[in-house]
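What follows is structure.txt (compact mmCIF, C-alpha atoms).
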# COMPACT_ATOMS: atom_id res chain seq x y z
CA MET A 112 -134.44 -25.87 20.45
CA SER A 113 -135.77 -27.90 17.52
CA ALA A 114 -134.71 -31.48 16.93
CA PRO A 115 -132.07 -32.05 14.21
CA MET A 116 -133.36 -32.99 10.78
CA GLU A 117 -132.73 -36.63 9.93
CA VAL A 118 -131.83 -37.59 6.36
CA ILE A 119 -130.91 -40.76 4.48
CA VAL A 120 -127.50 -41.08 2.80
CA SER A 121 -127.35 -43.91 0.27
CA THR A 122 -125.37 -45.36 -2.62
CA ASP A 123 -126.07 -48.10 -5.18
CA SER A 124 -123.97 -50.30 -7.43
CA SER A 125 -124.79 -48.64 -10.77
CA SER A 126 -124.22 -44.91 -10.07
CA LEU A 127 -125.69 -44.08 -13.49
CA LEU A 128 -127.01 -40.65 -12.48
CA TRP A 129 -125.08 -39.95 -9.26
CA ASN A 130 -122.75 -41.57 -6.77
CA CYS A 131 -124.46 -40.69 -3.51
CA THR A 132 -127.92 -39.31 -2.72
CA VAL A 133 -129.40 -37.57 0.32
CA SER A 134 -133.14 -38.21 0.80
CA ASP A 135 -135.86 -37.04 3.16
CA LEU A 136 -136.47 -39.60 5.90
CA HIS A 137 -140.25 -39.40 5.99
CA SER A 138 -141.01 -39.24 2.25
CA GLY A 139 -137.97 -40.72 0.53
CA ALA A 140 -137.76 -37.68 -1.79
CA ASN A 141 -134.33 -36.88 -3.21
CA LEU A 142 -132.86 -33.71 -1.64
CA VAL A 143 -129.20 -33.66 -2.72
CA SER A 144 -127.04 -35.65 -5.16
CA TYR A 145 -123.27 -36.05 -5.28
CA ARG A 146 -121.87 -37.01 -8.69
CA GLY A 147 -118.69 -38.72 -9.83
CA GLY A 148 -117.38 -42.25 -9.29
CA ASN A 149 -118.98 -45.37 -7.84
CA THR A 150 -118.77 -46.13 -4.12
CA SER A 151 -118.20 -49.69 -2.92
CA ALA A 152 -120.20 -51.43 -0.18
CA ARG A 153 -119.28 -50.18 3.32
CA GLY A 154 -117.11 -47.56 1.64
CA LEU A 155 -119.04 -44.38 2.53
CA ALA A 156 -118.06 -42.07 5.40
CA VAL A 157 -118.90 -38.57 6.63
CA LEU A 158 -115.87 -36.72 7.99
CA ASP A 159 -116.29 -33.91 10.53
CA ASP A 160 -119.68 -32.91 9.01
CA ARG A 161 -117.75 -31.17 6.22
CA TRP A 162 -116.66 -33.87 3.79
CA LEU A 163 -118.28 -36.90 2.24
CA LEU A 164 -115.86 -39.73 1.42
CA GLY A 165 -116.52 -42.69 -0.88
CA ALA A 166 -114.13 -45.55 -1.61
CA GLN A 167 -114.11 -46.08 -5.38
CA LEU A 168 -115.32 -49.54 -6.38
CA GLY A 169 -112.37 -51.71 -7.47
CA LYS A 170 -109.89 -48.79 -7.48
CA ASN A 171 -107.19 -47.58 -5.11
CA PHE A 172 -108.54 -44.10 -4.35
CA ILE A 173 -111.18 -42.33 -2.29
CA ASN A 174 -113.54 -39.74 -3.79
CA VAL A 175 -114.02 -36.63 -1.65
CA TRP A 176 -116.90 -34.15 -1.83
CA GLU A 177 -117.36 -31.04 0.24
CA ILE A 178 -120.82 -31.48 1.75
CA GLN A 179 -122.04 -28.02 0.75
CA ARG A 180 -120.77 -28.33 -2.87
CA LYS A 181 -122.94 -31.05 -4.38
CA ASP A 182 -122.10 -31.07 -8.08
CA GLN A 183 -118.33 -30.91 -7.92
CA LEU A 184 -115.97 -33.73 -6.97
CA LEU A 185 -113.47 -31.94 -4.76
CA GLN A 186 -110.52 -34.35 -4.93
CA ARG A 187 -109.34 -37.94 -5.10
CA MET A 188 -107.05 -39.34 -2.43
CA VAL A 189 -104.83 -42.19 -3.60
CA CYS A 190 -104.50 -45.19 -1.24
CA PRO A 191 -101.93 -48.03 -1.07
CA GLY A 192 -104.49 -50.48 -2.52
CA VAL A 193 -108.16 -51.16 -3.23
CA VAL A 194 -110.26 -50.06 -0.24
CA THR A 195 -112.65 -52.77 1.01
CA CYS A 196 -114.21 -50.70 3.82
CA LEU A 197 -113.92 -47.14 5.12
CA THR A 198 -114.86 -45.17 8.23
CA ALA A 199 -114.06 -41.84 9.89
CA ALA A 200 -113.72 -41.19 13.62
CA PRO A 201 -116.66 -39.25 15.11
CA ASN A 202 -114.24 -36.61 16.44
CA GLY A 203 -112.97 -36.00 12.90
CA LEU A 204 -109.31 -36.71 13.73
CA PHE A 205 -108.74 -40.13 12.15
CA LEU A 206 -109.59 -42.02 8.97
CA ALA A 207 -109.47 -45.83 8.81
CA ALA A 208 -109.61 -48.05 5.73
CA GLY A 209 -109.41 -51.78 5.14
CA ILE A 210 -107.05 -52.63 2.29
CA ALA A 211 -106.76 -56.37 1.60
CA GLU A 212 -105.73 -58.01 4.91
CA ALA A 213 -104.51 -54.80 6.58
CA LEU A 214 -106.12 -51.82 8.30
CA TYR A 215 -104.62 -48.40 7.56
CA LEU A 216 -105.06 -45.53 10.02
CA TRP A 217 -104.39 -41.92 8.97
CA GLU A 218 -104.33 -38.60 10.80
CA VAL A 219 -106.77 -36.33 8.97
CA SER A 220 -105.05 -33.01 9.69
CA THR A 221 -101.70 -34.05 8.14
CA GLY A 222 -102.52 -37.11 6.03
CA GLY A 223 -99.80 -38.97 7.92
CA LEU A 224 -100.07 -42.76 8.13
CA LEU A 225 -100.10 -43.58 11.85
CA ALA A 226 -100.37 -47.36 11.76
CA VAL A 227 -100.79 -50.41 9.54
CA LEU A 228 -102.46 -53.24 11.45
CA ASN A 229 -101.82 -56.72 10.03
CA ARG A 230 -103.69 -59.10 12.30
CA HIS A 231 -106.33 -60.40 9.88
CA TYR A 232 -105.47 -63.36 7.66
CA GLN A 233 -107.96 -62.47 4.93
CA ASP A 234 -109.62 -59.29 3.65
CA VAL A 235 -111.02 -56.81 6.17
CA SER A 236 -114.76 -56.60 5.42
CA CYS A 237 -115.99 -53.95 7.89
CA VAL A 238 -114.60 -51.36 10.31
CA LYS A 239 -116.22 -49.07 12.90
CA PHE A 240 -115.18 -46.54 15.56
CA THR A 241 -116.86 -46.27 18.94
CA ASP A 242 -118.95 -43.13 19.45
CA ASP A 243 -116.20 -41.51 21.56
CA SER A 244 -113.44 -42.42 19.03
CA SER A 245 -111.50 -44.31 21.72
CA HIS A 246 -111.69 -47.78 20.15
CA LEU A 247 -111.72 -49.30 16.68
CA ILE A 248 -113.37 -52.57 15.67
CA THR A 249 -112.58 -54.57 12.52
CA GLY A 250 -114.26 -57.64 11.04
CA GLY A 251 -112.76 -59.86 8.37
CA LYS A 252 -113.28 -62.80 6.05
CA ASP A 253 -111.03 -64.81 8.37
CA ASN A 254 -114.04 -65.15 10.77
CA LEU A 255 -112.43 -62.78 13.31
CA ALA A 256 -113.54 -59.49 14.85
CA LEU A 257 -110.77 -57.48 16.51
CA VAL A 258 -111.11 -54.68 19.06
CA TRP A 259 -108.32 -52.08 19.04
CA ARG A 260 -107.63 -49.40 21.62
CA LEU A 261 -106.69 -46.27 19.69
CA ALA A 262 -104.24 -45.07 22.35
CA SER A 263 -102.18 -48.26 21.90
CA VAL A 264 -102.32 -48.10 18.10
CA VAL A 265 -101.13 -44.48 17.90
CA GLN A 266 -97.95 -45.08 19.86
CA LEU A 267 -94.38 -43.84 19.97
CA ASP A 268 -92.41 -46.96 19.09
CA GLN A 269 -93.21 -47.87 15.48
CA GLY A 270 -90.92 -50.89 15.77
CA CYS A 271 -93.39 -52.54 18.16
CA SER A 272 -96.49 -53.95 16.49
CA PRO A 273 -99.67 -53.07 18.43
CA GLU A 274 -101.84 -55.92 19.66
CA PRO A 275 -105.66 -55.92 19.66
CA LEU A 276 -107.41 -55.46 22.97
CA HIS A 277 -109.72 -58.42 22.23
CA VAL A 278 -109.84 -61.13 19.57
CA LEU A 279 -113.45 -62.24 19.06
CA SER A 280 -113.17 -65.65 17.42
CA ARG A 281 -116.53 -67.35 17.98
CA HIS A 282 -117.71 -67.10 14.35
CA SER A 283 -117.02 -70.05 12.02
CA LEU A 284 -117.45 -68.17 8.70
CA PRO A 285 -116.63 -64.63 7.49
CA VAL A 286 -117.91 -61.63 9.44
CA THR A 287 -120.26 -59.68 7.14
CA ASP A 288 -121.19 -56.67 9.29
CA LEU A 289 -120.83 -55.17 12.74
CA HIS A 290 -122.53 -52.48 14.78
CA CYS A 291 -121.19 -50.71 17.87
CA GLY A 292 -123.64 -49.14 20.33
CA LEU A 293 -123.22 -46.04 22.47
CA MET A 294 -121.20 -45.43 25.67
CA GLY A 295 -117.69 -45.74 24.25
CA PRO A 296 -115.66 -48.54 25.93
CA GLN A 297 -118.78 -49.71 27.77
CA ALA A 298 -120.74 -50.23 24.56
CA ARG A 299 -122.17 -53.47 23.26
CA LEU A 300 -120.98 -54.81 19.93
CA ALA A 301 -123.04 -56.87 17.48
CA THR A 302 -121.37 -59.00 14.79
CA ALA A 303 -123.08 -60.80 11.89
CA SER A 304 -121.67 -63.69 9.90
CA LEU A 305 -122.27 -66.12 7.07
CA ASP A 306 -122.41 -68.87 9.72
CA GLN A 307 -126.08 -67.84 10.27
CA THR A 308 -125.43 -66.30 13.68
CA VAL A 309 -125.40 -62.85 15.23
CA LYS A 310 -123.37 -62.42 18.39
CA LEU A 311 -123.58 -59.68 21.00
CA TRP A 312 -120.42 -58.77 22.92
CA GLU A 313 -119.38 -56.51 25.76
CA LEU A 314 -116.75 -54.25 24.22
CA GLY A 315 -114.76 -53.53 27.39
CA SER A 316 -114.24 -57.13 28.48
CA GLY A 317 -114.68 -58.97 25.16
CA GLU A 318 -117.23 -61.28 26.83
CA LEU A 319 -119.87 -62.97 24.68
CA LEU A 320 -123.31 -61.94 25.96
CA LEU A 321 -125.65 -63.54 23.43
CA SER A 322 -125.51 -65.76 20.34
CA ILE A 323 -128.56 -66.09 18.09
CA LEU A 324 -128.88 -68.75 15.39
CA PHE A 325 -130.99 -68.11 12.26
CA ASP A 326 -132.05 -70.22 9.29
CA VAL A 327 -130.13 -68.05 6.79
CA SER A 328 -126.87 -66.17 6.58
CA ILE A 329 -126.97 -62.67 8.09
CA MET A 330 -125.61 -59.88 5.87
CA SER A 331 -126.31 -56.77 8.00
CA VAL A 332 -126.98 -55.91 11.63
CA THR A 333 -127.89 -52.88 13.76
CA LEU A 334 -129.26 -51.94 17.20
CA ASP A 335 -131.83 -49.32 18.12
CA PRO A 336 -130.38 -46.41 20.20
CA CYS A 337 -131.85 -47.74 23.47
CA GLU A 338 -130.68 -51.28 22.62
CA TYR A 339 -134.11 -52.81 23.18
CA PHE A 340 -134.05 -54.54 19.79
CA LEU A 341 -131.50 -56.14 17.48
CA PHE A 342 -132.26 -56.00 13.73
CA CYS A 343 -130.66 -58.57 11.42
CA GLY A 344 -130.85 -58.55 7.60
CA GLY A 345 -130.90 -62.01 6.04
CA SER A 346 -129.67 -63.34 2.72
CA ASP A 347 -133.27 -64.30 1.86
CA GLY A 348 -134.56 -60.69 2.07
CA ASN A 349 -136.18 -60.99 5.50
CA ILE A 350 -135.36 -58.68 8.41
CA PHE A 351 -135.40 -60.28 11.86
CA GLN A 352 -136.24 -58.21 14.94
CA VAL A 353 -134.84 -59.74 18.14
CA SER A 354 -135.96 -58.49 21.54
CA LEU A 355 -133.09 -57.98 24.00
CA CYS A 356 -135.47 -57.64 26.96
CA SER A 357 -136.21 -61.36 27.24
CA GLN A 358 -136.27 -63.00 30.66
CA SER A 359 -134.39 -66.04 29.36
CA LEU A 360 -130.96 -66.58 30.89
CA SER A 361 -129.65 -68.72 28.03
CA ARG A 362 -126.70 -67.28 26.13
CA ASP A 363 -127.22 -69.41 23.01
CA LYS A 364 -130.60 -69.03 21.34
CA THR A 365 -132.39 -69.97 18.14
CA PHE A 366 -134.53 -67.23 16.63
CA GLN A 367 -138.28 -67.79 17.03
CA SER A 368 -140.63 -65.25 15.49
CA GLU A 369 -143.49 -66.13 17.82
CA SER A 370 -141.49 -65.16 20.92
CA ASP A 371 -142.47 -61.96 22.73
CA GLY A 372 -140.92 -58.93 21.01
CA ASN A 373 -139.56 -60.89 18.05
CA GLN A 374 -140.91 -60.45 14.53
CA VAL A 375 -139.92 -60.73 10.86
CA PHE A 376 -140.24 -57.84 8.37
CA LYS A 377 -141.01 -59.23 4.93
CA GLY A 378 -140.87 -57.38 1.60
CA HIS A 379 -137.41 -57.52 0.08
CA ARG A 380 -136.79 -60.11 -2.63
CA ASN A 381 -133.02 -60.32 -2.28
CA LEU A 382 -130.41 -60.09 0.47
CA VAL A 383 -130.59 -57.11 2.86
CA SER A 384 -127.26 -55.31 2.51
CA CYS A 385 -127.66 -52.50 5.07
CA LEU A 386 -129.82 -51.45 8.03
CA SER A 387 -130.19 -48.25 10.04
CA VAL A 388 -132.52 -47.03 12.81
CA SER A 389 -133.78 -43.48 13.40
CA MET A 390 -132.71 -41.49 16.46
CA ASP A 391 -135.96 -42.19 18.33
CA GLY A 392 -135.91 -45.89 17.45
CA THR A 393 -139.33 -45.88 15.76
CA LEU A 394 -138.22 -46.19 12.11
CA LEU A 395 -136.07 -48.86 10.47
CA LEU A 396 -134.37 -48.24 7.11
CA SER A 397 -133.28 -51.17 4.94
CA GLY A 398 -131.44 -51.44 1.63
CA SER A 399 -131.38 -54.56 -0.52
CA HIS A 400 -129.89 -56.09 -3.64
CA ASP A 401 -133.42 -56.10 -5.07
CA GLU A 402 -132.68 -52.41 -5.90
CA THR A 403 -135.08 -50.94 -3.31
CA MET A 404 -134.91 -49.07 -0.01
CA ARG A 405 -137.75 -49.49 2.49
CA LEU A 406 -138.69 -47.60 5.65
CA TRP A 407 -140.47 -49.71 8.28
CA ASP A 408 -142.58 -48.61 11.25
CA VAL A 409 -141.12 -50.56 14.17
CA GLN A 410 -143.83 -49.63 16.67
CA SER A 411 -146.70 -50.82 14.45
CA ARG A 412 -146.04 -54.48 15.33
CA GLN A 413 -146.99 -55.36 11.75
CA ASN A 414 -144.34 -57.16 9.75
CA THR A 415 -145.53 -55.70 6.42
CA CYS A 416 -146.07 -52.06 7.50
CA VAL A 417 -143.90 -49.96 5.18
CA LYS A 418 -143.85 -46.17 5.38
CA TRP A 419 -142.45 -45.99 1.83
CA CYS A 420 -140.45 -47.96 -0.75
CA VAL A 421 -138.04 -46.25 -3.16
CA SER A 422 -136.47 -47.92 -6.20
CA ALA A 423 -132.76 -47.43 -6.88
CA THR A 424 -130.88 -47.73 -10.17
CA GLY A 425 -128.88 -50.71 -8.90
CA GLN A 426 -128.24 -52.88 -5.87
CA VAL A 427 -128.28 -50.72 -2.72
CA THR A 428 -124.79 -50.92 -1.20
CA THR A 429 -125.11 -48.31 1.57
CA CYS A 430 -127.99 -46.58 3.32
CA SER A 431 -127.93 -44.94 6.73
CA ILE A 432 -129.94 -42.43 8.75
CA MET A 433 -127.98 -39.46 10.08
CA ALA A 434 -128.54 -35.95 11.41
CA ALA A 435 -128.12 -33.54 8.49
CA PRO A 436 -125.10 -31.22 8.91
CA ALA A 437 -126.05 -27.54 8.95
CA ASN A 438 -124.39 -26.86 5.58
CA MET A 439 -125.69 -29.93 3.72
CA LEU A 440 -128.95 -28.39 2.52
CA VAL A 441 -128.07 -24.67 2.83
CA PRO A 442 -124.44 -23.71 1.98
CA LEU A 443 -122.82 -21.76 4.80
CA GLY A 444 -119.59 -19.82 4.52
CA ALA A 445 -116.62 -20.28 2.23
CA SER A 446 -115.42 -23.55 0.76
CA ALA A 447 -113.35 -25.82 2.97
CA THR A 448 -109.65 -26.40 2.40
CA PRO A 449 -108.97 -29.68 0.53
CA LEU A 450 -107.84 -32.58 2.66
CA PRO A 451 -104.12 -33.41 2.67
CA ARG A 452 -102.90 -36.33 0.59
CA LEU A 453 -102.84 -39.69 2.35
CA SER A 454 -99.34 -40.95 2.99
CA ARG A 455 -98.34 -44.47 1.96
CA HIS A 456 -95.54 -44.74 4.50
CA LEU A 457 -95.59 -44.72 8.28
CA ALA A 458 -94.96 -41.37 9.93
CA SER A 459 -91.67 -42.52 11.52
CA SER A 460 -90.14 -43.36 8.12
CA GLN A 461 -91.28 -40.02 6.70
CA HIS A 462 -89.56 -38.05 9.44
CA ALA A 463 -86.41 -40.11 9.02
CA GLU A 464 -86.08 -38.95 5.42
CA GLY A 465 -85.10 -35.44 6.40
CA PRO A 466 -85.34 -32.87 9.20
CA ASP A 467 -86.64 -30.09 6.94
CA SER A 468 -90.06 -31.54 6.28
CA GLY A 469 -91.67 -29.06 8.70
CA ASP A 470 -94.08 -31.63 10.16
CA VAL A 471 -94.55 -32.09 13.88
CA CYS A 472 -95.58 -35.57 15.03
CA LEU A 473 -96.90 -36.08 18.56
CA ARG A 474 -97.39 -39.44 20.25
CA LEU A 475 -99.06 -40.49 23.46
CA GLY A 476 -97.20 -41.69 26.52
CA LEU A 477 -94.07 -39.53 26.35
CA HIS A 478 -94.60 -38.23 29.91
CA THR A 479 -94.48 -41.77 31.31
CA GLN A 480 -90.91 -42.42 30.12
CA GLU A 481 -88.10 -41.57 32.56
CA GLU A 482 -84.84 -40.29 31.08
CA GLU A 483 -81.88 -42.58 31.67
CA SER A 484 -78.79 -41.32 33.51
CA TYR A 485 -75.37 -41.08 31.87
CA LEU A 486 -74.06 -44.16 33.74
CA GLN A 487 -77.09 -46.24 32.71
CA LYS A 488 -76.60 -45.28 29.07
CA ALA A 489 -72.86 -46.13 29.28
CA GLU A 490 -73.57 -49.55 30.83
CA LYS A 491 -76.20 -50.33 28.19
CA LEU A 492 -73.81 -49.33 25.39
CA PHE A 493 -70.97 -51.41 26.84
CA SER A 494 -73.16 -54.52 27.23
CA THR A 495 -74.41 -54.14 23.66
CA MET A 496 -70.86 -53.83 22.26
CA THR A 497 -69.72 -56.85 24.29
CA ALA A 498 -72.63 -58.98 23.07
CA ILE A 499 -71.90 -58.08 19.44
CA THR A 500 -68.18 -58.83 19.83
CA ASP A 501 -68.83 -62.25 21.37
CA LYS A 502 -71.14 -63.40 18.62
CA ARG A 503 -69.81 -65.95 16.21
CA VAL A 504 -69.69 -65.37 12.50
CA GLY A 505 -71.80 -68.44 11.88
CA ASP A 506 -74.74 -66.94 13.81
CA GLU A 507 -75.52 -64.57 10.96
CA ASP A 508 -75.86 -67.41 8.44
CA GLY A 509 -78.00 -69.39 10.87
CA SER A 510 -80.33 -66.40 11.37
CA ARG A 511 -80.80 -66.03 7.63
CA VAL A 512 -81.66 -69.70 7.24
CA ARG A 513 -84.11 -69.53 10.15
CA LEU A 514 -85.74 -66.39 8.67
CA ALA A 515 -86.21 -68.11 5.32
CA GLU A 516 -87.79 -71.12 7.05
CA LEU A 517 -90.22 -68.89 8.95
CA GLU A 518 -91.22 -66.98 5.80
CA GLU A 519 -91.91 -70.26 4.00
CA GLU A 520 -94.00 -71.47 6.95
CA VAL A 521 -96.08 -68.25 6.89
CA ARG A 522 -96.74 -68.68 3.15
CA THR A 523 -97.80 -72.29 3.70
CA LEU A 524 -100.17 -71.37 6.56
CA LYS A 525 -101.77 -68.61 4.50
CA LYS A 526 -102.37 -71.03 1.63
CA VAL A 527 -103.89 -73.62 3.98
CA ASN A 528 -106.17 -70.98 5.53
CA LYS A 529 -107.33 -69.79 2.11
CA ASP A 530 -108.02 -73.35 0.96
CA LEU A 531 -110.03 -74.09 4.11
CA TYR A 532 -112.12 -70.96 3.61
CA SER A 533 -112.82 -71.81 -0.04
CA PHE A 534 -113.81 -75.36 0.90
CA SER A 535 -116.16 -74.17 3.69
CA ALA A 536 -117.81 -71.56 1.48
CA HIS A 537 -118.29 -74.11 -1.33
CA LEU A 538 -119.69 -76.67 1.13
CA LEU A 539 -122.31 -74.26 2.51
CA THR A 540 -123.38 -72.80 -0.82

Starting from the file, give its structure as structure tokens.
Amino acid sequence: MSAPMEVIVSTDSSSLLWNCTVSDLHSGANLVSYRGGNTSARGLAVLDDRWLLGAQLGKNFINVWEIQRKDQLLQRMVCPGVVTCLTAAPNGLFLAAGIAEALYLWEVSTGGLLAVLNRHYQDVSCVKFTDDSSHLITGGKDNLALVWRLASVVQLDQGCSPEPLHVLSRHSLPVTDLHCGLMGPQARLATASLDQTVKLWELGSGELLLSILFDVSIMSVTLDPCEYFLFCGGSDGNIFQVSLCSQSLSRDKTFQSESDGNQVFKGHRNLVSCLSVSMDGTLLLSGSHDETMRLWDVQSRQNTCVKWCVSATGQVTTCSIMAAPANMLVPLGASATPLPRLSRHLASSQHAEGPDSGDVCLRLGLHTQEEESYLQKAEKLFSTMTAITDKRVGDEDGSRVRLAELEEEVRTLKKVNKDLYSFSAHLLT
């Protein structure tokens, strides 16, 4: 059986001729173009090898193309707000988007909104699924990276807000990019930040494994499939290769190019916005705001060895290496059915509107709940009625006052957090 063909999927900031292009990995030649709209940074996703999704820059909708129909924009899916980052689950069942400070999670088959996660205090900048679609990781401008277990997010009780499995809070400035390795819950997670560090975590336990300090802010990060090397794209245009096979036992390190296995790829003249490694780990793809994409030979051990360099029409916002779906280059079969519209309201509120909607909503964990007996239900109802009867009338006014005080405190804390972030960013720049 022949190996799958690897292609490059990329977008740039201008989109003068097309929105998204598919290029040959080894030559950089343009194979396929998708027209219509302008995709934002970290706003491109491939869904179930049948659809290509791009979050429209500065707008509240997602452009959708059928992969085998290149010249026609299939549909536009309206979202609750401007999408800052977008990703699709590898199993094709879920779609996740960062909108301001919240993460929205939809079920692809119905378009139903399963959850709205509000644990970030500033905009969500990046989001990724694990390779087995069991966990979801988000990074934000509030310096936090959060790990979510999908089974706890897609739950029965919508009145209970899900909590992240881990809160990774070691960064001191906004998280710019993240990369999740293979092996599902046992994967290793890399996070990059404006604080000039890249940190490597164990996803299952949330333990910090390695912290590397650089001389510049890091804008993009990726790992090779075998996780021998960590590649970090800097704001100065350099790409730093960090060996993860070092004998050093220190958890906190400063990058040194002369160390064994470490090197710096030089060629870009502006910040490196995206990085991707081929399936065999021998080729490194980089995109930059200098309006070029470059393919590097990792095994050559030469920091200026470029397989090719392709000019874009604007700043490269997304570029990644992927296995080409069977119908991307040669159309196969009939056109796919358009995706359902994305709901703006949680699934529980939709079903409460009326019983004739015809939708069936399943949730995990129903088999673990034991049905209460008649006497237990009667006792619970009696205790509830007694508690309500014994309450004083003044309690209601006191609750309203307390609620107003808490809302004012939340607004004050958000303003303080925003001011601190602005001050830190101004101080460093």

request  = Write out as JSON, numbers by chain each polymer residue whose atoms come within 12 Å of Pro449 in chain A, counting only C-alpha atoms; drop sequence neighbours fewer than 2 positions from it.
outcome  = {"A": [161, 162, 163, 174, 175, 176, 177, 184, 185, 186, 187, 188, 219, 220, 221, 222, 446, 447, 451, 452, 453]}

Each range 358-438 of chain A residue no farther than 10 Å from range 330-345 of chain A, nearest pair in Å, all atoms listed in the file, as CSV:
residue,atom,partner,partner_atom,distance
A:Gly372,CA,A:Phe340,CA,8.2
A:Asn373,CA,A:Phe340,CA,8.6
A:Gln374,CA,A:Phe342,CA,9.8
A:Val375,CA,A:Phe342,CA,9.4
A:Phe376,CA,A:Gly344,CA,9.4
A:His379,CA,A:Gly345,CA,9.9
A:Asn381,CA,A:Gly345,CA,8.8
A:Leu382,CA,A:Gly345,CA,5.9
A:Val383,CA,A:Gly344,CA,5.0
A:Ser384,CA,A:Ser331,CA,5.8
A:Cys385,CA,A:Ser331,CA,5.4
A:Leu386,CA,A:Thr333,CA,6.2
A:Ser387,CA,A:Thr333,CA,6.4
A:Val388,CA,A:Asp335,CA,5.8
A:Ser389,CA,A:Asp335,CA,7.8
A:Met390,CA,A:Pro336,CA,6.6
A:Asp391,CA,A:Pro336,CA,7.2
A:Gly392,CA,A:Asp335,CA,5.4
A:Thr393,CA,A:Asp335,CA,8.6
A:Leu394,CA,A:Asp335,CA,9.3
A:Leu395,CA,A:Phe342,CA,8.7
A:Ser397,CA,A:Gly344,CA,8.2
A:Gly398,CA,A:Gly344,CA,9.3
A:Ser399,CA,A:Gly344,CA,9.1
A:Val409,CA,A:Phe340,CA,9.9

request  = Find the residues near Leu320 in chain A: any atom within 9 Å, counting all atoms listed in the file, skip ones fewer than 2 places away on the same chain, and give them as a ChimeraX atom specification.
outcome  = /A:299,310-313,318,322,362-363

Please produce a file of those selected residues containing C-alpha atoms, as a CSV table (one decimal), keeping the file's coordinate frame.
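Written file, selection.csv:
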chain,number,residue,atom,x,y,z
A,299,ARG,CA,-122.2,-53.5,23.3
A,310,LYS,CA,-123.4,-62.4,18.4
A,311,LEU,CA,-123.6,-59.7,21.0
A,312,TRP,CA,-120.4,-58.8,22.9
A,313,GLU,CA,-119.4,-56.5,25.8
A,318,GLU,CA,-117.2,-61.3,26.8
A,322,SER,CA,-125.5,-65.8,20.3
A,362,ARG,CA,-126.7,-67.3,26.1
A,363,ASP,CA,-127.2,-69.4,23.0

Specify the axis-aligned box that encloses all atoms of range 144-150 of chain A listed in the file after padding of 4 Å on each side, stating its centre and edge lengths in Å to one decimal as JSON.
{"center_x": -122.2, "center_y": -40.9, "center_z": -7.0, "size_x": 17.7, "size_y": 18.5, "size_z": 13.7}

Write out as JSON lines the residues of range 281-386 of chain A that have any atom within 8 Å of an atom of range 232-248 of chain A, one row each with the nearest atom pair and its distance in Å to one decimal, counting all atoms listed in the file, sorted by chain and then rising number.
{"residue": "A:Val286", "atom": "CA", "partner": "A:Ser236", "partner_atom": "CA", "distance": 7.2}
{"residue": "A:Thr287", "atom": "CA", "partner": "A:Ser236", "partner_atom": "CA", "distance": 6.5}
{"residue": "A:Asp288", "atom": "CA", "partner": "A:Cys237", "partner_atom": "CA", "distance": 6.0}
{"residue": "A:Leu289", "atom": "CA", "partner": "A:Cys237", "partner_atom": "CA", "distance": 7.0}
{"residue": "A:His290", "atom": "CA", "partner": "A:Lys239", "partner_atom": "CA", "distance": 7.4}
{"residue": "A:Cys291", "atom": "CA", "partner": "A:Thr241", "partner_atom": "CA", "distance": 6.3}
{"residue": "A:Gly292", "atom": "CA", "partner": "A:Thr241", "partner_atom": "CA", "distance": 7.5}
{"residue": "A:Leu293", "atom": "CA", "partner": "A:Asp242", "partner_atom": "CA", "distance": 6.0}
{"residue": "A:Met294", "atom": "CA", "partner": "A:Asp242", "partner_atom": "CA", "distance": 7.0}
{"residue": "A:Gly295", "atom": "CA", "partner": "A:Asp243", "partner_atom": "CA", "distance": 5.2}
{"residue": "A:Pro296", "atom": "CA", "partner": "A:His246", "partner_atom": "CA", "distance": 7.1}
{"residue": "A:Ala298", "atom": "CA", "partner": "A:Thr241", "partner_atom": "CA", "distance": 7.9}

Quick one: residues within 8 Å of range 419-432 of chain A, only C-alpha atoms counted, chain neighbours fewer than 5 positions away excluded, as a tab-separated table (two decimals) with C-alpha atoms, keeping the file's coordinate frame?
chain	number	residue	atom	x	y	z
A	117	GLU	CA	-132.73	-36.63	9.93
A	118	VAL	CA	-131.83	-37.59	6.36
A	119	ILE	CA	-130.91	-40.76	4.48
A	120	VAL	CA	-127.50	-41.08	2.80
A	121	SER	CA	-127.35	-43.91	0.27
A	122	THR	CA	-125.37	-45.36	-2.62
A	123	ASP	CA	-126.07	-48.10	-5.18
A	124	SER	CA	-123.97	-50.30	-7.43
A	125	SER	CA	-124.79	-48.64	-10.77
A	126	SER	CA	-124.22	-44.91	-10.07
A	127	LEU	CA	-125.69	-44.08	-13.49
A	136	LEU	CA	-136.47	-39.60	5.90
A	138	SER	CA	-141.01	-39.24	2.25
A	139	GLY	CA	-137.97	-40.72	0.53
A	151	SER	CA	-118.20	-49.69	-2.92
A	152	ALA	CA	-120.20	-51.43	-0.18
A	153	ARG	CA	-119.28	-50.18	3.32
A	155	LEU	CA	-119.04	-44.38	2.53
A	384	SER	CA	-127.26	-55.31	2.51
A	385	CYS	CA	-127.66	-52.50	5.07
A	386	LEU	CA	-129.82	-51.45	8.03
A	387	SER	CA	-130.19	-48.25	10.04
A	388	VAL	CA	-132.52	-47.03	12.81
A	389	SER	CA	-133.78	-43.48	13.40
A	396	LEU	CA	-134.37	-48.24	7.11
A	397	SER	CA	-133.28	-51.17	4.94
A	398	GLY	CA	-131.44	-51.44	1.63
A	399	SER	CA	-131.38	-54.56	-0.52
A	400	HIS	CA	-129.89	-56.09	-3.64
A	401	ASP	CA	-133.42	-56.10	-5.07
A	402	GLU	CA	-132.68	-52.41	-5.90
A	403	THR	CA	-135.08	-50.94	-3.31
A	404	MET	CA	-134.91	-49.07	-0.01
A	405	ARG	CA	-137.75	-49.49	2.49
A	406	LEU	CA	-138.69	-47.60	5.65
A	407	TRP	CA	-140.47	-49.71	8.28
